[in-house]
Amino acid sequence: MRLTQHSDYAMRLLMYVGSHPDRLCTISEVARAYDISEPHLMKVTHRLSQHGWLETVRGKNGGMRLALPPQDIRLGAVVRDTESDLALVECLGPNNTCSLAGGCGLTGIVHGALQAFLQHLDEYTLADILRKPPADGAAPVQFVDWAAKAASR
């Protein structure tokens, strides 16, 4: 299973905005910070605001902020809202034409695995994944984008 780029960007966007609770953040600054195209990020922002994760403010001094406290944003709920197709196999989807439907034990196993995955994500909130400044006042630890690092090899 692999989450879509849309979900990946949604998590990054929420993490960035959640790390700056004292001000409005803009799409352009998030795009620069994560090297994401602004048009793609606009779509992600729009969806997150439609689903109540972000609050957006229009205008010259506009931007976005979290619509909820970070501890109230469950990662599993965000994934459910940003993934358009969680059917890992055809028989879990709405247009099932599998010739094994109704007589295959795999369906229940895969469905259970998906539920366990989402349930595990539900145990964590945005607050759990935000950058936290070290107690000793040193610079915060920077995230490593392991997927980008692996792709560049």
# chains A, B, ... in the order shown; residues from 1 in each chain; ligands from 1
$ residues_around --residues "segment 122-130 of chain A" --least-positions-apart "2" --cutoff "6 Å" --atoms "only C-alpha atoms" --output "short mmCIF file (atom, residue, chain, number, x, y, z; two decimals) with N, CA and C atoms, in the first residue's frame"
data_model
loop_
_atom_site.label_atom_id
_atom_site.label_comp_id
_atom_site.auth_asym_id
_atom_site.auth_seq_id
_atom_site.Cartn_x
_atom_site.Cartn_y
_atom_site.Cartn_z
N MET A 15 1.72 19.82 9.03
CA MET A 15 2.89 19.91 9.91
C MET A 15 3.50 21.32 9.87
N PRO A 70 -3.67 20.95 17.31
CA PRO A 70 -2.96 19.79 16.75
C PRO A 70 -3.32 18.47 17.43
N GLN A 71 -3.59 18.50 18.73
CA GLN A 71 -3.92 17.27 19.44
C GLN A 71 -5.31 16.74 19.08
N ILE A 73 -6.31 16.64 15.80
CA ILE A 73 -6.24 16.22 14.39
C ILE A 73 -5.64 14.83 14.33
N ARG A 74 -6.49 13.83 14.16
CA ARG A 74 -6.07 12.43 14.09
C ARG A 74 -5.54 12.13 12.69
N LEU A 75 -4.37 11.53 12.62
CA LEU A 75 -3.74 11.24 11.33
C LEU A 75 -4.59 10.31 10.47
N GLY A 76 -5.23 9.33 11.08
CA GLY A 76 -6.09 8.42 10.33
C GLY A 76 -7.25 9.14 9.66
N GLN A 119 -6.53 2.31 11.90
CA GLN A 119 -6.68 2.35 13.36
C GLN A 119 -5.35 2.75 14.01
N HIS A 120 -4.25 2.24 13.49
CA HIS A 120 -2.93 2.61 14.01
C HIS A 120 -2.69 4.11 13.82
#
$ residues_around --residues "segment 29-34 of chain A" --least-positions-apart "4" --cutoff "12 Å" --atoms "only C-alpha atoms" --output "list in words"
Asp8, Tyr9, Ala10, Met11, Arg12, Leu13, Leu14, Met15, Tyr16, Val17, Gly18, Ser19, His20, Leu24, Cys25, Glu38, Pro39, His40, Leu41, Met42, Val44, Thr45, Gly63, Met64, Phe143, Val144, Asp145 and Ala148 of chain A
$ write_last_selection --atoms "N, CA and C atoms" --output "compact mmCIF listing (two decimals), in the first residue's frame"
# COMPACT_ATOMS: atom_id res chain seq x y z
N ASP A 8 0.44 12.81 1.19
CA ASP A 8 1.78 13.19 1.64
C ASP A 8 1.86 14.71 1.79
N TYR A 9 1.43 15.43 0.78
CA TYR A 9 1.47 16.89 0.82
C TYR A 9 0.53 17.43 1.90
N ALA A 10 -0.60 16.78 2.10
CA ALA A 10 -1.54 17.22 3.14
C ALA A 10 -0.88 17.13 4.52
N MET A 11 -0.19 16.03 4.77
CA MET A 11 0.50 15.88 6.05
C MET A 11 1.60 16.92 6.21
N ARG A 12 2.36 17.15 5.16
CA ARG A 12 3.43 18.15 5.21
C ARG A 12 2.86 19.54 5.48
N LEU A 13 1.77 19.85 4.79
CA LEU A 13 1.13 21.15 4.95
C LEU A 13 0.63 21.33 6.38
N LEU A 14 -0.03 20.33 6.93
CA LEU A 14 -0.52 20.42 8.30
C LEU A 14 0.64 20.55 9.30
N MET A 15 1.72 19.82 9.03
CA MET A 15 2.89 19.91 9.91
C MET A 15 3.50 21.32 9.87
N TYR A 16 3.59 21.88 8.68
CA TYR A 16 4.18 23.21 8.56
C TYR A 16 3.31 24.24 9.28
N VAL A 17 2.03 24.23 8.97
CA VAL A 17 1.13 25.21 9.57
C VAL A 17 1.05 25.00 11.09
N GLY A 18 1.03 23.74 11.51
CA GLY A 18 0.99 23.45 12.95
C GLY A 18 2.25 23.88 13.67
N SER A 19 3.36 23.97 12.95
CA SER A 19 4.62 24.42 13.54
C SER A 19 4.71 25.94 13.65
N HIS A 20 3.73 26.63 13.09
CA HIS A 20 3.71 28.10 13.13
C HIS A 20 2.34 28.58 13.66
N LEU A 24 -0.40 33.39 10.37
CA LEU A 24 -0.95 32.76 9.18
C LEU A 24 0.21 32.34 8.27
N CYS A 25 0.09 31.20 7.66
CA CYS A 25 1.10 30.71 6.72
C CYS A 25 0.53 30.83 5.31
N GLU A 38 3.06 25.26 -6.29
CA GLU A 38 1.98 26.02 -5.67
C GLU A 38 0.60 25.58 -6.15
N PRO A 39 0.39 25.34 -7.45
CA PRO A 39 -0.94 24.89 -7.88
C PRO A 39 -1.36 23.58 -7.21
N HIS A 40 -0.42 22.65 -7.08
CA HIS A 40 -0.75 21.38 -6.42
C HIS A 40 -1.08 21.63 -4.96
N LEU A 41 -0.31 22.48 -4.31
CA LEU A 41 -0.54 22.79 -2.90
C LEU A 41 -1.86 23.53 -2.70
N MET A 42 -2.27 24.31 -3.68
CA MET A 42 -3.57 24.99 -3.60
C MET A 42 -4.71 23.97 -3.53
N VAL A 44 -4.51 20.91 -2.41
CA VAL A 44 -4.43 20.26 -1.11
C VAL A 44 -5.02 21.17 -0.03
N THR A 45 -4.66 22.44 -0.08
CA THR A 45 -5.17 23.42 0.88
C THR A 45 -6.68 23.51 0.80
N GLY A 63 -3.87 33.96 4.55
CA GLY A 63 -3.08 32.75 4.68
C GLY A 63 -3.92 31.65 5.28
N MET A 64 -3.27 30.76 6.00
CA MET A 64 -4.00 29.64 6.59
C MET A 64 -3.44 29.32 7.96
N PHE A 143 13.75 17.46 9.84
CA PHE A 143 13.23 16.22 9.28
C PHE A 143 14.05 15.82 8.06
N VAL A 144 14.19 14.55 7.86
CA VAL A 144 14.86 14.03 6.67
C VAL A 144 13.78 13.41 5.79
N ASP A 145 13.70 13.85 4.55
CA ASP A 145 12.75 13.29 3.60
C ASP A 145 13.40 12.05 3.00
N ALA A 148 12.66 11.19 -0.72
CA ALA A 148 13.39 12.01 -1.70
C ALA A 148 14.86 11.62 -1.71
$ atom_distance --atom1 "atom CA of Glu83 of chain A" --atom2 "atom CA of Ser28 of chain A"
23.6 Å
$ select_by_dssp --residues "segment 38-87 of chain A" --states "strand (DSSP E or B)" --output "MDAnalysis selection string"
chainID A and resid 54:57 63:66 74
$ write_last_selection --atoms "N, CA and C atoms" --output "compact mmCIF listing (two decimals), in the first residue's frame"
# COMPACT_ATOMS: atom_id res chain seq x y z
N LEU A 54 -8.12 22.95 8.02
CA LEU A 54 -7.49 24.27 7.91
C LEU A 54 -8.54 25.35 7.86
N GLU A 55 -8.16 26.51 8.35
CA GLU A 55 -8.98 27.70 8.22
C GLU A 55 -8.19 28.64 7.31
N THR A 56 -8.83 29.14 6.27
CA THR A 56 -8.14 30.03 5.35
C THR A 56 -8.69 31.44 5.47
N VAL A 57 -7.80 32.41 5.28
CA VAL A 57 -8.16 33.82 5.34
C VAL A 57 -7.75 34.44 4.02
N GLY A 63 -3.87 33.96 4.55
CA GLY A 63 -3.08 32.75 4.68
C GLY A 63 -3.92 31.65 5.28
N MET A 64 -3.27 30.76 6.00
CA MET A 64 -4.00 29.64 6.59
C MET A 64 -3.44 29.32 7.96
N ARG A 65 -4.28 28.69 8.75
CA ARG A 65 -3.90 28.21 10.07
C ARG A 65 -4.73 26.96 10.35
N LEU A 66 -4.32 26.22 11.34
CA LEU A 66 -5.08 25.03 11.72
C LEU A 66 -6.46 25.44 12.20
N ARG A 74 -6.49 13.83 14.16
CA ARG A 74 -6.07 12.43 14.09
C ARG A 74 -5.54 12.13 12.69
$ closest_residue --among "A:Ser49, A:Asn95, A:Thr82, A:Thr107" --to "Leu3 of chain A" --atoms "only C-alpha atoms"
A:Thr82
$ select_by_dssp --residues "segment 43-128 of chain A" --states "alpha helix (DSSP H)" --output "VMD selection string"
chain A and resid 43 to 50 75 to 82 106 to 122 126 to 128
$ write_last_selection --atoms "N, CA and C atoms" --output "mmCIF file, in the first residue's frame"
data_model
loop_
_atom_site.group_PDB
_atom_site.id
_atom_site.type_symbol
_atom_site.label_atom_id
_atom_site.label_comp_id
_atom_site.auth_asym_id
_atom_site.auth_seq_id
_atom_site.Cartn_x
_atom_site.Cartn_y
_atom_site.Cartn_z
ATOM 1 N N LYS A 43 -4.609 22.918 -4.342
ATOM 2 C CA LYS A 43 -5.630 21.866 -4.321
ATOM 3 C C LYS A 43 -5.676 21.177 -2.961
ATOM 4 N N VAL A 44 -4.508 20.907 -2.413
ATOM 5 C CA VAL A 44 -4.428 20.255 -1.105
ATOM 6 C C VAL A 44 -5.020 21.170 -0.034
ATOM 7 N N THR A 45 -4.656 22.440 -0.081
ATOM 8 C CA THR A 45 -5.167 23.417 0.883
ATOM 9 C C THR A 45 -6.684 23.508 0.799
ATOM 10 N N HIS A 46 -7.182 23.554 -0.417
ATOM 11 C CA HIS A 46 -8.633 23.650 -0.611
ATOM 12 C C HIS A 46 -9.348 22.447 0.018
ATOM 13 N N ARG A 47 -8.831 21.272 -0.241
ATOM 14 C CA ARG A 47 -9.468 20.065 0.306
ATOM 15 C C ARG A 47 -9.395 20.037 1.837
ATOM 16 N N LEU A 48 -8.236 20.391 2.391
ATOM 17 C CA LEU A 48 -8.102 20.402 3.851
ATOM 18 C C LEU A 48 -9.019 21.443 4.491
ATOM 19 N N SER A 49 -9.216 22.555 3.822
ATOM 20 C CA SER A 49 -10.132 23.559 4.379
ATOM 21 C C SER A 49 -11.588 23.116 4.239
ATOM 22 N N GLN A 50 -11.921 22.453 3.148
ATOM 23 C CA GLN A 50 -13.281 21.926 2.971
ATOM 24 C C GLN A 50 -13.633 20.905 4.047
ATOM 25 N N LEU A 75 -4.366 11.525 12.620
ATOM 26 C CA LEU A 75 -3.738 11.244 11.326
ATOM 27 C C LEU A 75 -4.593 10.313 10.474
ATOM 28 N N GLY A 76 -5.226 9.329 11.080
ATOM 29 C CA GLY A 76 -6.088 8.417 10.326
ATOM 30 C C GLY A 76 -7.251 9.139 9.664
ATOM 31 N N ALA A 77 -7.820 10.109 10.369
ATOM 32 C CA ALA A 77 -8.938 10.870 9.810
ATOM 33 C C ALA A 77 -8.485 11.702 8.618
ATOM 34 N N VAL A 78 -7.286 12.273 8.707
ATOM 35 C CA VAL A 78 -6.759 13.059 7.585
ATOM 36 C C VAL A 78 -6.537 12.150 6.379
ATOM 37 N N VAL A 79 -5.972 10.979 6.596
ATOM 38 C CA VAL A 79 -5.747 10.038 5.488
ATOM 39 C C VAL A 79 -7.074 9.626 4.860
ATOM 40 N N ARG A 80 -8.078 9.346 5.669
ATOM 41 C CA ARG A 80 -9.392 8.982 5.113
ATOM 42 C C ARG A 80 -9.953 10.111 4.249
ATOM 43 N N ASP A 81 -9.714 11.378 4.664
ATOM 44 C CA ASP A 81 -10.232 12.525 3.916
ATOM 45 C C ASP A 81 -9.427 12.836 2.664
ATOM 46 N N THR A 82 -8.162 12.467 2.633
ATOM 47 C CA THR A 82 -7.331 12.846 1.492
ATOM 48 C C THR A 82 -7.129 11.724 0.487
ATOM 49 N N LEU A 106 -9.309 -13.874 0.751
ATOM 50 C CA LEU A 106 -8.381 -12.755 0.754
ATOM 51 C C LEU A 106 -9.068 -11.428 1.081
ATOM 52 N N THR A 107 -10.297 -11.259 0.648
ATOM 53 C CA THR A 107 -11.010 -9.999 0.840
ATOM 54 C C THR A 107 -11.031 -9.589 2.307
ATOM 55 N N GLY A 108 -11.426 -10.475 3.165
ATOM 56 C CA GLY A 108 -11.510 -10.159 4.593
ATOM 57 C C GLY A 108 -10.159 -9.869 5.210
ATOM 58 N N ILE A 109 -9.153 -10.571 4.769
ATOM 59 C CA ILE A 109 -7.805 -10.369 5.302
ATOM 60 C C ILE A 109 -7.273 -8.993 4.911
ATOM 61 N N VAL A 110 -7.426 -8.635 3.653
ATOM 62 C CA VAL A 110 -6.948 -7.333 3.175
ATOM 63 C C VAL A 110 -7.749 -6.213 3.825
ATOM 64 N N HIS A 111 -9.046 -6.404 3.947
ATOM 65 C CA HIS A 111 -9.895 -5.397 4.607
ATOM 66 C C HIS A 111 -9.447 -5.212 6.061
ATOM 67 N N GLY A 112 -9.164 -6.297 6.750
ATOM 68 C CA GLY A 112 -8.692 -6.222 8.126
ATOM 69 C C GLY A 112 -7.363 -5.497 8.237
ATOM 70 N N ALA A 113 -6.476 -5.750 7.280
ATOM 71 C CA ALA A 113 -5.180 -5.078 7.273
ATOM 72 C C ALA A 113 -5.348 -3.574 7.075
ATOM 73 N N LEU A 114 -6.227 -3.186 6.179
ATOM 74 C CA LEU A 114 -6.501 -1.769 5.948
ATOM 75 C C LEU A 114 -7.062 -1.124 7.207
ATOM 76 N N GLN A 115 -8.007 -1.796 7.851
ATOM 77 C CA GLN A 115 -8.593 -1.256 9.079
ATOM 78 C C GLN A 115 -7.541 -1.120 10.180
ATOM 79 N N ALA A 116 -6.650 -2.102 10.291
ATOM 80 C CA ALA A 116 -5.588 -2.044 11.296
ATOM 81 C C ALA A 116 -4.645 -0.874 11.013
ATOM 82 N N PHE A 117 -4.338 -0.648 9.747
ATOM 83 C CA PHE A 117 -3.477 0.463 9.347
ATOM 84 C C PHE A 117 -4.113 1.794 9.755
ATOM 85 N N LEU A 118 -5.379 1.979 9.397
ATOM 86 C CA LEU A 118 -6.063 3.230 9.718
ATOM 87 C C LEU A 118 -6.237 3.396 11.227
ATOM 88 N N GLN A 119 -6.526 2.313 11.901
ATOM 89 C CA GLN A 119 -6.678 2.351 13.358
ATOM 90 C C GLN A 119 -5.349 2.747 14.014
ATOM 91 N N HIS A 120 -4.246 2.244 13.485
ATOM 92 C CA HIS A 120 -2.929 2.614 14.014
ATOM 93 C C HIS A 120 -2.690 4.111 13.818
ATOM 94 N N LEU A 121 -3.005 4.630 12.640
ATOM 95 C CA LEU A 121 -2.854 6.067 12.395
ATOM 96 C C LEU A 121 -3.755 6.878 13.323
ATOM 97 N N ASP A 122 -4.933 6.343 13.644
ATOM 98 C CA ASP A 122 -5.859 7.040 14.538
ATOM 99 C C ASP A 122 -5.302 7.197 15.957
ATOM 100 N N LEU A 126 -1.645 15.121 15.001
ATOM 101 C CA LEU A 126 -0.683 16.059 14.428
ATOM 102 C C LEU A 126 0.317 16.513 15.494
ATOM 103 N N ALA A 127 -0.144 16.672 16.709
ATOM 104 C CA ALA A 127 0.755 17.093 17.796
ATOM 105 C C ALA A 127 1.907 16.106 17.970
ATOM 106 N N ASP A 128 1.666 14.836 17.695
ATOM 107 C CA ASP A 128 2.708 13.816 17.851
ATOM 108 C C ASP A 128 3.818 13.940 16.811
#
$ decode --residues "segment 46-129 of chain A" --atoms "C-alpha atoms" --output "PDB file, in the first residue's frame"
ATOM      1  CA  HIS A  46      -8.633  23.650  -0.611  1.00  0.00           C
ATOM      2  CA  ARG A  47      -9.468  20.065   0.306  1.00  0.00           C
ATOM      3  CA  LEU A  48      -8.102  20.402   3.851  1.00  0.00           C
ATOM      4  CA  SER A  49     -10.132  23.559   4.379  1.00  0.00           C
ATOM      5  CA  GLN A  50     -13.281  21.926   2.971  1.00  0.00           C
ATOM      6  CA  HIS A  51     -12.892  19.072   5.448  1.00  0.00           C
ATOM      7  CA  GLY A  52     -12.330  21.403   8.393  1.00  0.00           C
ATOM      8  CA  TRP A  53      -8.621  20.804   9.016  1.00  0.00           C
ATOM      9  CA  LEU A  54      -7.486  24.266   7.912  1.00  0.00           C
ATOM     10  CA  GLU A  55      -8.981  27.700   8.218  1.00  0.00           C
ATOM     11  CA  THR A  56      -8.135  30.029   5.345  1.00  0.00           C
ATOM     12  CA  VAL A  57      -8.165  33.824   5.342  1.00  0.00           C
ATOM     13  CA  ARG A  58      -8.415  35.625   2.012  1.00  0.00           C
ATOM     14  CA  GLY A  59      -6.838  38.918   1.102  1.00  0.00           C
ATOM     15  CA  LYS A  60      -3.496  40.674   0.991  1.00  0.00           C
ATOM     16  CA  ASN A  61      -2.503  39.571   4.489  1.00  0.00           C
ATOM     17  CA  GLY A  62      -4.308  36.254   4.224  1.00  0.00           C
ATOM     18  CA  GLY A  63      -3.076  32.753   4.681  1.00  0.00           C
ATOM     19  CA  MET A  64      -4.001  29.644   6.592  1.00  0.00           C
ATOM     20  CA  ARG A  65      -3.904  28.207  10.075  1.00  0.00           C
ATOM     21  CA  LEU A  66      -5.082  25.029  11.719  1.00  0.00           C
ATOM     22  CA  ALA A  67      -8.824  24.938  12.284  1.00  0.00           C
ATOM     23  CA  LEU A  68      -8.352  22.642  15.290  1.00  0.00           C
ATOM     24  CA  PRO A  69      -5.680  22.219  17.941  1.00  0.00           C
ATOM     25  CA  PRO A  70      -2.956  19.787  16.750  1.00  0.00           C
ATOM     26  CA  GLN A  71      -3.923  17.269  19.443  1.00  0.00           C
ATOM     27  CA  ASP A  72      -7.428  17.082  17.915  1.00  0.00           C
ATOM     28  CA  ILE A  73      -6.245  16.225  14.393  1.00  0.00           C
ATOM     29  CA  ARG A  74      -6.065  12.430  14.085  1.00  0.00           C
ATOM     30  CA  LEU A  75      -3.738  11.244  11.326  1.00  0.00           C
ATOM     31  CA  GLY A  76      -6.088   8.417  10.326  1.00  0.00           C
ATOM     32  CA  ALA A  77      -8.938  10.870   9.810  1.00  0.00           C
ATOM     33  CA  VAL A  78      -6.759  13.059   7.585  1.00  0.00           C
ATOM     34  CA  VAL A  79      -5.747  10.038   5.488  1.00  0.00           C
ATOM     35  CA  ARG A  80      -9.392   8.982   5.113  1.00  0.00           C
ATOM     36  CA  ASP A  81     -10.232  12.525   3.916  1.00  0.00           C
ATOM     37  CA  THR A  82      -7.331  12.846   1.492  1.00  0.00           C
ATOM     38  CA  GLU A  83      -7.230   9.378  -0.048  1.00  0.00           C
ATOM     39  CA  SER A  84      -9.854   8.982  -2.746  1.00  0.00           C
ATOM     40  CA  ASP A  85      -9.358   5.220  -3.109  1.00  0.00           C
ATOM     41  CA  LEU A  86      -8.518   3.034  -0.141  1.00  0.00           C
ATOM     42  CA  ALA A  87      -9.606  -0.126  -1.946  1.00  0.00           C
ATOM     43  CA  LEU A  88      -6.356  -2.071  -1.824  1.00  0.00           C
ATOM     44  CA  VAL A  89      -7.759  -4.803  -4.045  1.00  0.00           C
ATOM     45  CA  GLU A  90     -10.573  -4.732  -6.581  1.00  0.00           C
ATOM     46  CA  CYS A  91     -13.046  -6.595  -4.386  1.00  0.00           C
ATOM     47  CA  LEU A  92     -12.936  -3.808  -1.779  1.00  0.00           C
ATOM     48  CA  GLY A  93     -13.922  -1.194  -4.358  1.00  0.00           C
ATOM     49  CA  PRO A  94     -17.368  -0.101  -5.517  1.00  0.00           C
ATOM     50  CA  ASN A  95     -17.076  -1.621  -9.023  1.00  0.00           C
ATOM     51  CA  ASN A  96     -16.102  -5.140  -8.072  1.00  0.00           C
ATOM     52  CA  THR A  97     -16.070  -7.489 -11.073  1.00  0.00           C
ATOM     53  CA  CYS A  98     -13.704 -10.048  -9.585  1.00  0.00           C
ATOM     54  CA  SER A  99     -14.692 -13.587 -10.578  1.00  0.00           C
ATOM     55  CA  LEU A 100     -13.687 -14.787  -7.088  1.00  0.00           C
ATOM     56  CA  ALA A 101     -16.066 -12.416  -5.259  1.00  0.00           C
ATOM     57  CA  GLY A 102     -17.972 -14.123  -2.507  1.00  0.00           C
ATOM     58  CA  GLY A 103     -15.720 -17.169  -2.458  1.00  0.00           C
ATOM     59  CA  CYS A 104     -12.307 -15.742  -1.672  1.00  0.00           C
ATOM     60  CA  GLY A 105     -10.794 -15.481   1.781  1.00  0.00           C
ATOM     61  CA  LEU A 106      -8.381 -12.755   0.754  1.00  0.00           C
ATOM     62  CA  THR A 107     -11.010  -9.999   0.840  1.00  0.00           C
ATOM     63  CA  GLY A 108     -11.510 -10.159   4.593  1.00  0.00           C
ATOM     64  CA  ILE A 109      -7.805 -10.369   5.302  1.00  0.00           C
ATOM     65  CA  VAL A 110      -6.948  -7.333   3.175  1.00  0.00           C
ATOM     66  CA  HIS A 111      -9.895  -5.397   4.607  1.00  0.00           C
ATOM     67  CA  GLY A 112      -8.692  -6.222   8.126  1.00  0.00           C
ATOM     68  CA  ALA A 113      -5.180  -5.078   7.273  1.00  0.00           C
ATOM     69  CA  LEU A 114      -6.501  -1.769   5.948  1.00  0.00           C
ATOM     70  CA  GLN A 115      -8.593  -1.256   9.079  1.00  0.00           C
ATOM     71  CA  ALA A 116      -5.588  -2.044  11.296  1.00  0.00           C
ATOM     72  CA  PHE A 117      -3.477   0.463   9.347  1.00  0.00           C
ATOM     73  CA  LEU A 118      -6.063   3.230   9.718  1.00  0.00           C
ATOM     74  CA  GLN A 119      -6.678   2.351  13.358  1.00  0.00           C
ATOM     75  CA  HIS A 120      -2.929   2.614  14.014  1.00  0.00           C
ATOM     76  CA  LEU A 121      -2.854   6.067  12.395  1.00  0.00           C
ATOM     77  CA  ASP A 122      -5.859   7.040  14.538  1.00  0.00           C
ATOM     78  CA  GLU A 123      -3.699   6.503  17.634  1.00  0.00           C
ATOM     79  CA  TYR A 124      -1.578   9.510  16.621  1.00  0.00           C
ATOM     80  CA  THR A 125      -2.333  13.178  16.199  1.00  0.00           C
ATOM     81  CA  LEU A 126      -0.683  16.059  14.428  1.00  0.00           C
ATOM     82  CA  ALA A 127       0.755  17.093  17.796  1.00  0.00           C
ATOM     83  CA  ASP A 128       2.708  13.816  17.851  1.00  0.00           C
ATOM     84  CA  ILE A 129       4.537  14.619  14.610  1.00  0.00           C
TER      85      ILE A 129
END
